[in-house]
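The file my_file.csv contains CSV, C-alpha atoms:
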chain,number,residue,atom,x,y,z
L,186,MET,CA,26.9,61.4,14.8
L,187,PHE,CA,27.3,64.4,17.2
L,188,ILE,CA,23.7,64.0,18.3
L,189,PHE,CA,24.3,60.3,18.9
L,190,VAL,CA,27.5,60.9,20.8
L,191,TYR,CA,25.9,63.7,22.9
L,192,SER,CA,22.8,61.7,23.5
L,193,SER,CA,24.8,58.6,24.6
L,194,SER,CA,27.2,60.5,26.8
L,195,SER,CA,24.4,62.5,28.5
L,196,GLY,CA,22.9,59.1,29.3
L,197,LEU,CA,19.4,59.8,28.0
L,198,SER,CA,19.4,57.1,25.4
L,199,PHE,CA,20.8,54.7,27.9
L,200,LYS,CA,18.1,55.6,30.4
L,201,GLU,CA,15.3,55.2,27.8
L,202,LYS,CA,16.7,51.8,27.0
L,203,ALA,CA,17.1,50.7,30.6
L,204,TYR,CA,13.6,52.0,31.7
L,205,ALA,CA,11.9,50.3,28.6
L,206,ARG,CA,13.5,47.0,29.5
L,207,GLN,CA,12.8,47.3,33.2
L,208,ILE,CA,9.1,47.9,32.5
L,209,ALA,CA,9.0,45.1,30.0
L,210,LEU,CA,10.6,42.8,32.6
L,211,ILE,CA,8.0,43.9,35.2
L,212,ILE,CA,5.2,43.1,32.8
L,213,ASP,CA,6.7,39.8,31.8
L,214,SER,CA,7.1,38.7,35.4
L,215,MET,CA,3.5,39.4,36.4
L,216,GLU,CA,1.3,36.4,37.1
L,217,PRO,CA,-2.1,36.2,35.3
L,218,GLY,CA,-4.8,38.3,36.9
L,219,THR,CA,-2.5,40.6,38.8
L,220,THR,CA,-2.1,44.4,38.6
L,221,VAL,CA,1.0,46.6,38.9
L,222,THR,CA,0.9,50.3,39.3
L,223,LEU,CA,3.9,52.3,38.1
L,224,ASN,CA,4.8,55.8,39.2
L,225,LEU,CA,6.4,57.6,36.3
L,226,ASP,CA,7.4,60.8,38.2
L,227,TYR,CA,11.1,60.1,38.2
L,228,MET,CA,11.1,59.7,34.4
L,229,ARG,CA,9.0,62.8,34.0
L,230,ILE,CA,11.6,64.8,36.0
L,231,ILE,CA,14.3,63.6,33.6
L,232,ALA,CA,12.2,64.4,30.6
L,233,LYS,CA,11.5,67.9,32.0
L,234,GLU,CA,15.2,68.5,32.4
L,235,SER,CA,15.7,67.8,28.7
L,236,GLU,CA,12.7,70.1,27.9
L,237,TYR,CA,10.5,67.3,26.7
L,238,ARG,CA,6.9,67.4,27.9
L,239,GLY,CA,5.2,64.6,26.0
L,240,PRO,CA,4.2,61.2,27.3
L,241,VAL,CA,7.2,59.4,28.8
L,242,VAL,CA,5.7,55.9,28.5
L,243,SER,CA,3.4,54.6,25.8
L,244,PHE,CA,2.1,51.2,24.8
L,245,ILE,CA,1.8,50.5,21.1
L,246,GLN,CA,1.3,47.6,18.7
L,247,ASN,CA,4.0,47.8,16.0
L,248,LYS,CA,3.4,47.1,12.3
L,249,ASP,CA,4.0,43.4,12.8
L,250,GLY,CA,1.3,43.4,15.5
L,251,ILE,CA,3.8,43.0,18.3
L,252,ASN,CA,3.1,44.8,21.6
L,253,GLU,CA,5.8,47.2,22.6
L,254,ILE,CA,6.5,49.7,25.3
L,255,ILE,CA,8.1,53.0,24.3
L,256,VAL,CA,10.0,55.1,26.8
L,257,GLN,CA,10.8,58.7,25.6
L,258,LEU,CA,12.7,61.1,27.8
L,259,SER,CA,13.7,63.7,25.1
L,260,GLN,CA,12.7,64.9,21.7
L,261,SER,CA,14.3,61.7,20.2
L,262,ASN,CA,12.3,58.8,19.1
L,263,GLY,CA,12.7,57.0,22.4
L,264,HIS,CA,13.4,53.4,22.9
L,265,SER,CA,10.9,50.6,22.3
L,266,TYR,CA,10.9,47.1,23.7
L,267,ARG,CA,8.4,44.2,23.4
L,268,TYR,CA,6.9,42.1,26.1
L,269,PHE,CA,5.5,38.6,25.8
L,270,THR,CA,2.8,38.7,28.4
L,271,ARG,CA,-0.8,39.4,27.5
L,272,ILE,CA,-2.1,42.5,29.3
L,273,GLU,CA,-5.3,44.6,29.3
L,274,GLN,CA,-5.1,48.1,27.9
L,275,PRO,CA,-2.9,50.0,30.4
L,276,LEU,CA,-4.7,52.8,32.3
L,277,PHE,CA,-3.0,56.2,32.8
L,278,ASN,CA,-4.3,58.7,35.4
L,279,ASP,CA,-5.3,62.2,34.3
L,280,ALA,CA,-1.9,63.7,35.1
L,281,GLY,CA,-0.2,60.9,33.1
L,282,ASN,CA,2.2,60.1,35.9
L,283,ILE,CA,0.7,56.8,37.1
L,284,VAL,CA,0.0,53.8,35.0
L,285,GLU,CA,-1.9,50.7,36.0
L,286,ILE,CA,-1.1,47.5,34.1
L,287,LYS,CA,-3.2,44.4,34.5
L,288,THR,CA,-2.5,41.0,33.0
L,289,LYS,CA,-5.2,38.9,31.4
L,290,ASN,CA,-6.4,36.0,33.5
L,291,LYS,CA,-7.6,33.3,31.2
L,292,ILE,CA,-6.0,30.6,33.2
L,293,ILE,CA,-7.9,31.6,36.4
L,294,GLU,CA,-11.1,31.7,34.4
L,295,ALA,CA,-10.4,28.2,32.9
L,296,ARG,CA,-9.7,26.7,36.3
L,297,SER,CA,-12.7,28.2,38.1
X,30,MET,CA,59.1,81.8,-6.3
X,31,LEU,CA,56.6,80.4,-3.8
X,32,ASN,CA,52.9,80.7,-4.7
X,33,LEU,CA,51.4,82.0,-1.5
X,34,SER,CA,47.8,81.7,-2.8
X,35,ASN,CA,48.1,77.9,-3.2
X,36,LYS,CA,45.4,76.3,-0.9
X,37,ARG,CA,46.3,72.7,-1.7
X,38,GLY,CA,48.0,72.1,1.6
X,39,GLU,CA,45.1,73.4,3.6
X,40,GLU,CA,42.7,71.1,1.8
X,41,ILE,CA,44.9,68.1,2.6
X,42,ILE,CA,45.2,69.1,6.3
X,43,PHE,CA,41.4,69.6,6.4
X,44,PHE,CA,40.8,66.2,4.9
X,45,TRP,CA,43.0,64.4,7.4
X,46,PHE,CA,41.6,66.5,10.3
X,47,PHE,CA,38.1,65.4,9.2
X,48,ILE,CA,39.1,61.7,9.0
X,49,ILE,CA,40.7,61.8,12.4
X,50,PHE,CA,37.7,63.6,13.9
X,51,LEU,CA,35.3,61.1,12.3
X,52,ALA,CA,37.4,58.1,13.7
X,53,VAL,CA,37.5,59.6,17.2
X,54,GLY,CA,33.7,60.2,17.1
X,55,VAL,CA,32.9,56.7,15.8
X,56,THR,CA,35.2,55.1,18.3
X,57,PHE,CA,33.7,57.1,21.2
X,58,GLY,CA,30.1,56.4,20.1
X,59,ALA,CA,30.7,52.7,19.6
X,60,THR,CA,32.5,52.3,23.0
X,61,ILE,CA,29.6,54.0,24.8
X,62,SER,CA,27.1,51.9,22.9
X,63,VAL,CA,28.9,48.6,23.6
X,64,PHE,CA,29.4,49.5,27.3
X,65,ASN,CA,25.7,50.4,27.7
X,66,SER,CA,24.5,47.3,25.8
X,67,SER,CA,26.3,45.0,28.3
X,68,LYS,CA,24.4,46.7,31.1
X,69,THR,CA,21.0,46.3,29.4
X,70,ASP,CA,21.4,42.6,28.4
X,71,ILE,CA,18.2,41.0,29.8
X,72,ARG,CA,18.2,37.8,27.8
X,73,LEU,CA,19.0,35.6,30.8
X,74,LEU,CA,16.3,37.3,32.9
X,75,GLU,CA,13.7,36.9,30.1
X,76,SER,CA,14.6,33.3,29.6
X,77,GLU,CA,14.3,32.6,33.4
X,78,ILE,CA,11.1,34.5,33.7
X,79,LEU,CA,9.6,32.6,30.8
X,80,ALA,CA,10.6,29.2,32.2
X,81,GLN,CA,9.1,30.1,35.6
X,82,LYS,CA,6.0,31.5,34.1
X,83,VAL,CA,5.4,28.3,32.1
X,84,ALA,CA,6.0,26.2,35.2
X,85,ASN,CA,3.6,28.3,37.3
X,86,CYS,CA,1.0,28.0,34.6
X,87,LEU,CA,1.2,24.3,34.0
X,88,ILE,CA,1.7,23.0,37.6
X,89,ARG,CA,-0.7,23.5,40.4
X,90,ASP,CA,-0.3,21.7,43.8
X,91,ASN,CA,2.4,19.5,42.1
X,92,ALA,CA,-0.2,18.4,39.5
X,93,LEU,CA,0.3,19.0,35.8
X,94,ASP,CA,-2.7,20.2,33.9
X,95,LEU,CA,-2.6,18.3,30.6
X,96,ASN,CA,-5.6,20.1,29.3
X,97,LEU,CA,-3.4,23.2,28.8
X,98,LEU,CA,-1.3,21.3,26.4
X,99,ARG,CA,-4.0,20.3,23.9
X,100,SER,CA,-2.7,22.8,21.3
X,101,LYS,CA,0.0,25.5,21.0
X,102,GLU,CA,-2.7,28.2,20.7
X,103,GLU,CA,-4.6,27.0,23.8
X,104,PHE,CA,-1.4,26.8,25.8
X,105,MET,CA,-0.3,30.3,24.8
X,106,GLU,CA,-3.8,31.8,25.4
X,107,LEU,CA,-4.3,30.2,28.8
X,108,CYS,CA,-0.8,30.9,30.1
X,109,GLY,CA,-1.2,34.5,29.0
X,110,LEU,CA,1.7,34.5,26.5
X,111,GLU,CA,1.7,36.5,23.2
X,112,GLU,CA,1.9,34.0,20.4
X,113,LYS,CA,3.2,36.6,17.9
X,114,ILE,CA,6.2,37.3,20.1
X,115,ILE,CA,7.0,33.8,21.5
X,116,ASP,CA,6.2,31.7,18.4
X,117,LYS,CA,6.7,34.0,15.5
X,118,SER,CA,9.3,36.7,16.3
X,119,GLY,CA,12.2,34.2,16.3
X,120,HIS,CA,13.6,35.7,19.5
X,121,PHE,CA,12.2,33.0,21.9
X,122,TYR,CA,11.9,29.3,22.3
X,123,ILE,CA,9.9,27.0,24.6
X,124,ASN,CA,10.2,23.2,24.7
X,125,LEU,CA,8.1,21.1,27.1
X,126,THR,CA,8.8,17.4,27.4
X,127,ILE,CA,6.8,15.1,29.7
X,128,THR,CA,8.2,11.7,30.4
X,129,ARG,CA,6.6,9.0,32.6
X,130,ILE,CA,8.7,7.9,35.6
X,131,GLU,CA,8.8,4.3,34.2
X,132,ASP,CA,10.1,5.6,30.8
X,133,LEU,CA,12.9,7.8,32.2
X,134,GLU,CA,15.6,5.2,31.4
X,135,SER,CA,14.3,4.4,27.9
X,136,LYS,CA,13.7,8.2,27.4
X,137,LYS,CA,10.4,7.5,25.8
X,138,VAL,CA,8.6,10.9,25.7
X,139,PHE,CA,4.9,10.9,26.7
X,140,LYS,CA,4.2,14.4,25.3
X,141,ASN,CA,6.3,17.1,23.7
X,142,LEU,CA,5.5,20.7,22.7
X,143,ASP,CA,7.9,22.9,20.7
X,144,LEU,CA,7.3,26.6,20.2
X,145,GLY,CA,9.3,29.4,18.7
X,146,ASN,CA,12.8,29.4,17.2
X,147,ASN,CA,14.4,26.0,17.9
X,148,ASP,CA,17.7,27.3,16.5
X,149,LEU,CA,18.1,28.8,20.0
X,150,VAL,CA,18.8,25.3,21.3
X,151,MET,CA,21.9,25.1,19.1
X,152,GLN,CA,22.9,28.7,20.0
X,153,CYS,CA,22.6,27.9,23.7
X,154,SER,CA,24.7,24.7,23.4
X,155,LEU,CA,27.4,26.7,21.6
X,156,LYS,CA,27.3,29.5,24.1
X,157,GLU,CA,27.6,27.1,27.1
X,158,ALA,CA,30.5,25.3,25.4
X,159,SER,CA,32.4,28.5,24.6
X,160,ASP,CA,33.2,31.7,26.5
X,161,SER,CA,34.6,33.6,23.5
X,162,ASP,CA,33.7,37.1,22.5
X,163,GLU,CA,32.0,35.7,19.3
X,164,SER,CA,29.4,34.0,21.5
X,165,ILE,CA,28.0,37.2,22.9
X,166,ASN,CA,25.3,37.4,20.3
X,167,LEU,CA,24.1,33.9,20.8
X,168,GLY,CA,20.9,33.1,22.7
X,169,ILE,CA,20.6,32.2,26.4
X,170,CYS,CA,18.6,29.3,27.7
X,171,SER,CA,17.0,28.3,31.0
X,172,TYR,CA,16.0,24.9,32.2
X,173,ARG,CA,13.6,23.5,34.7
X,174,ARG,CA,13.0,19.8,35.6
X,175,VAL,CA,10.0,19.2,37.9
X,176,TYR,CA,8.5,15.9,39.2
X,177,VAL,CA,4.8,16.0,38.6
X,178,ASN,CA,1.6,14.1,38.8
X,179,PHE,CA,-0.9,14.0,36.0
X,180,LEU,CA,-4.1,12.3,35.0
X,181,THR,CA,-4.6,10.2,31.9
X,182,ASN,CA,-8.0,8.5,31.5
X,183,ASN,CA,-8.7,9.2,35.2
X,184,LYS,CA,-5.5,7.3,36.1
X,185,LYS,CA,-3.0,9.2,38.2
X,186,GLU,CA,0.5,8.9,36.8
X,187,HIS,CA,3.9,10.3,37.8
X,188,GLY,CA,6.4,11.9,35.5
X,189,VAL,CA,9.0,14.5,34.9
X,190,LEU,CA,8.3,17.8,33.1
X,191,GLU,CA,11.3,19.4,31.5
X,192,ILE,CA,11.0,23.0,30.4
X,193,THR,CA,13.6,24.6,28.2
X,194,THR,CA,13.3,28.3,27.3
X,195,GLY,CA,15.6,30.5,25.3
X,196,ALA,CA,15.8,34.2,24.5
X,197,ASN,CA,17.8,36.1,22.0
X,198,THR,CA,16.6,39.6,21.7
X,199,LYS,CA,18.5,42.6,20.5
X,200,LEU,CA,21.2,43.8,22.9

Show how you would write the structure in this file as structure tokens.
Amino acid sequence: MFIFVYSSSSGLSFKEKAYARQIALIIDSMEPGTTVTLNLDYMRIIAKESEYRGPVVSFIQNKDGINEIIVQLSQSNGHSYRYFTRIEQPLFNDAGNIVEIKTKNKIIEARS
Amino acid sequence: MLNLSNKRGEEIIFFWFFIIFLAVGVTFGATISVFNSSKTDIRLLESEILAQKVANCLIRDNALDLNLLRSKEEFMELCGLEEKIIDKSGHFYINLTITRIEDLESKKVFKNLDLGNNDLVMQCSLKEASDSDESINLGICSYRRVYVNFLTNNKKEHGVLEITTGANTKL
């Protein structure tokens, strides 16, 4: 309980939740065949302040086969949120601070 | 004589101290949680994005592509939507209704496609009818009504495409 209250009041769990949902909304609002590049530096600075040096953003498929994004800014489990848009495997740069997300473009292929 | 070694009073005080401390902690945590949840409620945005996404996918130059509506699976695949989330998770709903212009009065539907949790339609009606605190967990819906052209047997027809989308994900 103390960990929950501390985590809530320090805003980290809220930030994880807010960032996960923001990124999910960005992905869901992408049109087929488009690419978005996200800079994760700001999240990494927050994670560094809480002495967490692991990946701040990861894309997984949960046990039900649903695609989710996980934002983790501390040693906690982070916050996961699902997105309903089909995307290619996201590409991270070597430093892990830039991620490129590309949507699948079946509709464009079907029309051409 | 008073028994100064009796610790019973201390135990009672400690018990009540613990209860009060627990109550304060739970109240504090719950308040923060509820406050933060209200700021991260994206159900309306999700529902609006989904409606717009479906409209953008189906309509091109004011023409509706009926080939995309041959089956649920084809529609989801071609419009880039994850079937497991939209159709199976129970958190989303999509309804597409196409009505020919001449059938608008009789409300005879030319084509209808229903995906996801149709219980959301009821939830949205209840939510729109009531502003009470109990309705906070109900789904949120978005609506689009677009006049479109479409081809049937190489014949150009005019009609109305109605899109209803709903979202009810965890707060």

### Message
Based on all atoms listed in the file, which of the residues in chain X come within 8 Å of chain L? I want them as a ChimeraX atom specification.
### Response
/X:54-55,57-58,61-62,65,69,71,74-75,78-79,82,86,106-115

### Task
Would you list the contacts of L:Ser235 as a list in words, taking every protein, DNA or RNA residue within 12 Å and counting only C-alpha atoms, but skipping same-chain residues closer than 5 positions in sequence?
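After dropping sequence-adjacent residues, the list is Ser192, Ser195, Gly196, Leu197, Ser198, Met228, Arg229, Ile230, Val241, Gln257, Leu258, Ser259, Gln260 and Ser261 of chain L.
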
#### Entry: Gap from atom CA of L:Gln274 to atom CA of L:Phe244 - Å, one decimal
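Atom CA of L:Phe244 lies at a distance of 8.4 Å from atom CA of L:Gln274.
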
### Separation of atom CA of X:Ile130 from atom CA of X:Leu97 in Å
20.7 Å

### Query
Counting all atoms listed in the file, what is within 8 Å of stretch 132-142 of chain X, bar same-chain residues fewer than 3 positions away, as an MDAnalysis selection string?
chainID X and resid 98 101 123:129

### Task
Between atom CA of X:Gly188 and atom CA of X:Tyr176, measure the distance and give it in Å to one decimal.
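Atom CA of X:Tyr176 lies 5.8 Å from atom CA of X:Gly188.
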
### Message
For a quick check of your reading of the model, name the residues lying within 9 Å of the coordinate (0.0, 60.1, 29.4), counting all atoms listed in the file, and write them as a count of residues only.
### Response
13

### Task
Find the spatial neighbours of stretch 145-149 of chain X, counting only C-alpha atoms, within a cut-off of 10 Å - ignore same-chain residues fewer than 2 positions away - and output them as an MDAnalysis selection string.
chainID X and resid 112:124 143 151:155 167:170 194:197

Residues from the last selection, C-alpha atoms, saved as a compact mmCIF listing (two decimals), keeping the file's coordinate frame:
# COMPACT_ATOMS: atom_id res chain seq x y z
CA GLU X 112 1.90 34.00 20.40
CA LYS X 113 3.20 36.60 17.90
CA ILE X 114 6.20 37.30 20.10
CA ILE X 115 7.00 33.80 21.50
CA ASP X 116 6.20 31.70 18.40
CA LYS X 117 6.70 34.00 15.50
CA SER X 118 9.30 36.70 16.30
CA GLY X 119 12.20 34.20 16.30
CA HIS X 120 13.60 35.70 19.50
CA PHE X 121 12.20 33.00 21.90
CA TYR X 122 11.90 29.30 22.30
CA ILE X 123 9.90 27.00 24.60
CA ASN X 124 10.20 23.20 24.70
CA ASP X 143 7.90 22.90 20.70
CA MET X 151 21.90 25.10 19.10
CA GLN X 152 22.90 28.70 20.00
CA CYS X 153 22.60 27.90 23.70
CA SER X 154 24.70 24.70 23.40
CA LEU X 155 27.40 26.70 21.60
CA LEU X 167 24.10 33.90 20.80
CA GLY X 168 20.90 33.10 22.70
CA ILE X 169 20.60 32.20 26.40
CA CYS X 170 18.60 29.30 27.70
CA THR X 194 13.30 28.30 27.30
CA GLY X 195 15.60 30.50 25.30
CA ALA X 196 15.80 34.20 24.50
CA ASN X 197 17.80 36.10 22.00
